[in-house]
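Shown below: coords_32.csv, with CSV, C-alpha atoms and all ligand atoms.
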```csv
chain,number,residue,atom,x,y,z
H,1,MET,CA,-34.1,-77.0,4.6
H,2,LYS,CA,-37.0,-75.2,6.2
H,3,HIS,CA,-35.9,-71.8,4.9
H,4,ILE,CA,-35.7,-73.2,1.4
H,5,LEU,CA,-39.2,-74.8,1.8
H,6,SER,CA,-40.7,-71.5,3.1
H,7,GLN,CA,-39.3,-69.6,0.1
H,8,HIS,CA,-40.9,-71.8,-2.5
H,9,LEU,CA,-44.0,-73.4,-1.0
H,10,GLY,CA,-47.1,-73.0,-3.1
H,11,LYS,CA,-45.2,-72.3,-6.2
H,12,ARG,CA,-45.3,-75.5,-8.2
H,13,SER,CA,-43.7,-73.8,-11.1
H,14,SER,CA,-40.6,-73.2,-9.0
H,15,LEU,CA,-39.5,-76.8,-8.7
H,16,ILE,CA,-36.2,-76.2,-10.6
H,17,PRO,CA,-35.2,-73.2,-8.5
H,18,PHE,CA,-36.3,-75.2,-5.5
H,19,LEU,CA,-34.0,-78.1,-6.4
H,20,GLN,CA,-31.2,-75.7,-7.3
H,21,ASP,CA,-31.5,-74.1,-3.8
H,22,ILE,CA,-31.4,-77.5,-2.1
H,23,GLN,CA,-28.4,-78.6,-4.1
H,24,LYS,CA,-26.6,-75.3,-3.4
H,25,GLU,CA,-27.2,-75.7,0.3
H,26,PHE,CA,-26.4,-79.5,0.6
H,27,GLY,CA,-24.2,-80.1,-2.4
H,28,TYR,CA,-26.6,-82.7,-3.8
H,29,LEU,CA,-30.2,-83.9,-3.8
H,30,SER,CA,-30.5,-86.5,-1.1
H,31,THR,CA,-33.3,-89.0,-0.8
H,32,LYS,CA,-34.2,-87.3,2.5
H,33,ALA,CA,-34.4,-83.8,0.9
H,34,ILE,CA,-36.5,-85.1,-1.9
H,35,ASP,CA,-38.9,-86.9,0.5
H,36,GLU,CA,-39.1,-83.8,2.6
H,37,LEU,CA,-39.8,-81.7,-0.5
H,38,SER,CA,-42.5,-84.2,-1.6
H,39,ARG,CA,-44.2,-84.1,1.8
H,40,SER,CA,-44.2,-80.3,1.9
H,41,THR,CA,-45.7,-80.0,-1.6
H,42,ASP,CA,-48.2,-81.8,-3.6
H,43,ILE,CA,-45.5,-83.2,-5.9
H,44,SER,CA,-44.7,-86.9,-5.6
H,45,ALA,CA,-41.1,-88.0,-5.1
H,46,ASN,CA,-41.3,-89.8,-8.4
H,47,GLU,CA,-42.3,-86.7,-10.2
H,48,ILE,CA,-39.5,-84.7,-8.5
H,49,TYR,CA,-36.9,-87.4,-9.5
H,50,GLY,CA,-38.4,-87.3,-13.0
H,51,VAL,CA,-37.7,-83.6,-13.3
H,52,ALA,CA,-34.4,-83.6,-11.5
H,53,THR,CA,-32.9,-86.5,-13.6
H,54,PHE,CA,-33.8,-84.7,-16.8
H,55,TYR,CA,-31.2,-82.0,-16.0
H,56,THR,CA,-27.5,-82.8,-15.8
H,57,GLN,CA,-27.0,-80.0,-13.2
H,58,PHE,CA,-28.4,-82.1,-10.4
H,59,ARG,CA,-26.5,-84.8,-8.6
H,60,PHE,CA,-27.9,-87.5,-6.3
H,61,SER,CA,-24.8,-88.4,-4.3
H,62,PRO,CA,-22.5,-86.1,-2.2
H,63,PRO,CA,-19.9,-84.3,-4.3
H,64,GLY,CA,-16.2,-84.8,-3.9
H,65,GLU,CA,-14.1,-82.2,-2.0
H,66,HIS,CA,-12.9,-80.8,-5.3
H,67,THR,CA,-14.8,-80.6,-8.6
H,68,VAL,CA,-12.8,-81.0,-11.8
H,69,ARG,CA,-14.5,-79.6,-14.9
H,70,VAL,CA,-12.9,-80.5,-18.2
H,71,CYS,CA,-14.2,-78.5,-21.1
H,72,GLN,CA,-15.3,-80.3,-24.3
H,73,GLY,CA,-16.6,-77.3,-26.1
H,74,THR,CA,-15.5,-76.7,-29.7
H,75,ALA,CA,-12.5,-74.4,-28.9
H,76,CYS,CA,-11.2,-76.9,-26.3
H,77,HIS,CA,-12.1,-80.0,-28.4
H,78,VAL,CA,-10.0,-78.8,-31.3
H,79,ARG,CA,-7.1,-78.3,-28.9
H,80,ARG,CA,-7.1,-81.9,-27.6
H,81,GLY,CA,-9.8,-81.5,-25.0
H,82,ARG,CA,-10.7,-85.2,-25.3
H,83,GLN,CA,-7.2,-86.2,-24.7
H,84,ILE,CA,-7.1,-84.1,-21.5
H,85,LEU,CA,-10.4,-85.6,-20.3
H,86,ASN,CA,-9.0,-89.1,-21.0
H,87,GLU,CA,-5.9,-88.3,-18.9
H,88,VAL,CA,-7.9,-86.9,-16.0
H,89,GLU,CA,-10.2,-90.0,-16.1
H,90,GLN,CA,-7.1,-92.2,-16.1
H,91,GLN,CA,-5.4,-90.4,-13.3
H,92,LEU,CA,-8.4,-90.2,-11.0
H,93,LYS,CA,-9.6,-93.7,-12.1
H,94,ILE,CA,-13.1,-92.5,-12.7
H,95,LYS,CA,-15.3,-91.4,-15.6
H,96,ALA,CA,-16.9,-88.1,-16.1
H,97,GLY,CA,-20.0,-87.9,-13.8
H,98,GLN,CA,-18.3,-89.9,-11.1
H,99,THR,CA,-16.6,-89.3,-7.7
H,100,THR,CA,-13.3,-90.8,-6.6
H,101,GLU,CA,-13.6,-93.6,-4.0
H,102,ASP,CA,-11.9,-91.3,-1.4
H,103,ARG,CA,-14.5,-88.6,-2.3
H,104,LYS,CA,-11.6,-86.2,-3.0
H,105,PHE,CA,-12.6,-85.3,-6.6
H,106,ASP,CA,-15.6,-85.4,-8.8
H,107,LEU,CA,-15.3,-85.0,-12.5
H,108,GLU,CA,-17.5,-83.3,-14.9
H,109,ARG,CA,-17.3,-82.8,-18.7
H,110,VAL,CA,-18.8,-79.4,-19.7
H,111,ALA,CA,-19.7,-77.9,-23.0
H,112,CYS,CA,-18.1,-74.5,-22.6
H,113,LEU,CA,-16.6,-72.7,-19.7
H,114,GLY,CA,-16.9,-69.3,-21.3
H,115,CYS,CA,-13.1,-68.7,-21.6
H,116,CYS,CA,-12.4,-70.2,-25.1
H,117,ALA,CA,-9.4,-67.9,-25.6
H,118,LEU,CA,-7.7,-69.9,-22.9
H,119,ALA,CA,-8.5,-73.3,-24.5
H,120,PRO,CA,-8.0,-76.0,-23.7
H,121,VAL,CA,-9.4,-75.4,-20.2
H,122,VAL,CA,-9.7,-77.3,-17.0
H,123,VAL,CA,-11.4,-75.7,-13.9
H,124,VAL,CA,-10.8,-77.1,-10.5
H,125,ASP,CA,-13.3,-75.7,-8.0
H,126,ASP,CA,-13.2,-72.0,-9.1
H,127,LYS,CA,-9.7,-71.9,-10.5
H,128,VAL,CA,-9.2,-71.9,-14.2
H,129,HIS,CA,-6.2,-73.8,-15.6
H,130,ALA,CA,-5.6,-72.5,-19.0
H,131,ARG,CA,-3.9,-74.0,-22.1
H,132,MET,CA,-3.8,-77.4,-20.5
H,133,THR,CA,-2.0,-80.4,-21.8
H,134,ALA,CA,-2.3,-84.0,-20.8
H,135,LYS,CA,1.2,-83.7,-19.3
H,136,LYS,CA,0.2,-80.9,-17.0
H,137,ILE,CA,-2.7,-82.8,-15.5
H,138,SER,CA,-0.7,-84.6,-12.9
H,139,SER,CA,0.8,-81.4,-11.5
H,140,VAL,CA,-2.6,-79.7,-11.4
H,141,LEU,CA,-4.3,-82.5,-9.6
H,142,SER,CA,-1.5,-82.8,-7.1
H,143,GLN,CA,-2.1,-79.2,-6.0
H,144,TYR,CA,-5.5,-80.3,-4.6
H,145,LYS,CA,-4.7,-83.8,-3.2
H,146,GLY,CA,-3.5,-82.5,0.1
H,147,ARG,CA,-5.7,-79.4,0.2
H,148,GLN,CA,-8.7,-79.3,2.5
H,149,THR,CA,-12.0,-78.9,1.0
H,150,ARG,CA,-13.5,-75.6,-0.2
H,151,LYS,CA,-17.0,-77.1,0.0
H,152,LYS,CA,-19.3,-77.4,3.0
O,201,LIG,S1,-15.0,-74.3,-25.5
O,201,LIG,FE1,-13.8,-74.6,-23.8
O,201,LIG,S2,-14.0,-72.7,-22.7
O,201,LIG,FE2,-15.2,-72.4,-24.5
```

What is this file in structure tokens?
Amino acid sequence: MKHILSQHLGKRSSLIPFLQDIQKEFGYLSTKAIDELSRSTDISANEIYGVATFYTQFRFSPPGEHTVRVCQGTACHVRRGRQILNEVEQQLKIKAGQTTEDRKFDLERVACLGCCALAPVVVVDDKVHARMTAKKISSVLSQYKGRQTRKK
């Protein structure tokens, strides 16, 4: 945390990059990290939360071991992206934005993953699963259930 603080101190305008660096390092914005950031700057914790909660990129609880991103952009939507998201939510027993109780998976719905030709797309960690169907979800998720984490 100290190296992140030293990079950004005195640059009030760099709050977002500051928060991005903290999340990159720790996986989320903990209360402790925000308090430390507040103490090291002239920005109140309330103000930091106000900024951070405005952006969907920031999370306030530890991430799951594997991140499942289900695309809901136009190309994926017209190819049953919503049905795929419903299936993932049902199988993981969580909604988008949540983490499974065993902290194995977290689920995100995203607007476009930049590979529309492969629609509908699900990305688990960094691996793209192209032309997904609701029927394939179980087999994709099972690949990660026994696998150790790729995150810190
Ligand atoms: S709309 Fe899904 S990858 Fe672009």

Using all atoms listed in the file, determine which residues fall within 8 Å of ligand LIG 201 (chain O), then list them as a short mmCIF file (atom, residue, chain, number, x, y, z; two decimals) with C-alpha atoms, in the frame of the given file.
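Saved result, result36.cif, follows:
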```
data_model
loop_
_atom_site.label_atom_id
_atom_site.label_comp_id
_atom_site.auth_asym_id
_atom_site.auth_seq_id
_atom_site.Cartn_x
_atom_site.Cartn_y
_atom_site.Cartn_z
CA CYS H 71 -14.20 -78.50 -21.10
CA GLN H 72 -15.30 -80.30 -24.30
CA GLY H 73 -16.60 -77.30 -26.10
CA THR H 74 -15.50 -76.70 -29.70
CA ALA H 75 -12.50 -74.40 -28.90
CA CYS H 76 -11.20 -76.90 -26.30
CA HIS H 77 -12.10 -80.00 -28.40
CA ALA H 111 -19.70 -77.90 -23.00
CA CYS H 112 -18.10 -74.50 -22.60
CA LEU H 113 -16.60 -72.70 -19.70
CA GLY H 114 -16.90 -69.30 -21.30
CA CYS H 115 -13.10 -68.70 -21.60
CA CYS H 116 -12.40 -70.20 -25.10
CA ALA H 117 -9.40 -67.90 -25.60
CA LEU H 118 -7.70 -69.90 -22.90
CA ALA H 119 -8.50 -73.30 -24.50
CA PRO H 120 -8.00 -76.00 -23.70
CA VAL H 121 -9.40 -75.40 -20.20
#
```

- Work out how far apart atom CA of Ser139 of chain H and atom CA of Pro63 of chain H are and give it in Å to one decimal. 22.1 Å

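Nearest-residue note for Lys104 of chain H: choosing from H:Thr67, H:Gln7, H:Gln23, H:Asn46, the minimum distance belongs to H:Thr67, counting all atoms listed in the file.
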
- Could you check which of H:Gln57, H:Gln91, H:Ser44, H:Gln83 is closest to Leu141 of chain H, using all atoms listed in the file?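 When distances to Leu141 of chain H are compared using all atoms listed in the file, the smallest one comes from H:Gln91.
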
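Separating atom CA of Arg131 of chain H from atom CA of Val78 of chain H is a distance of 12.0 Å.
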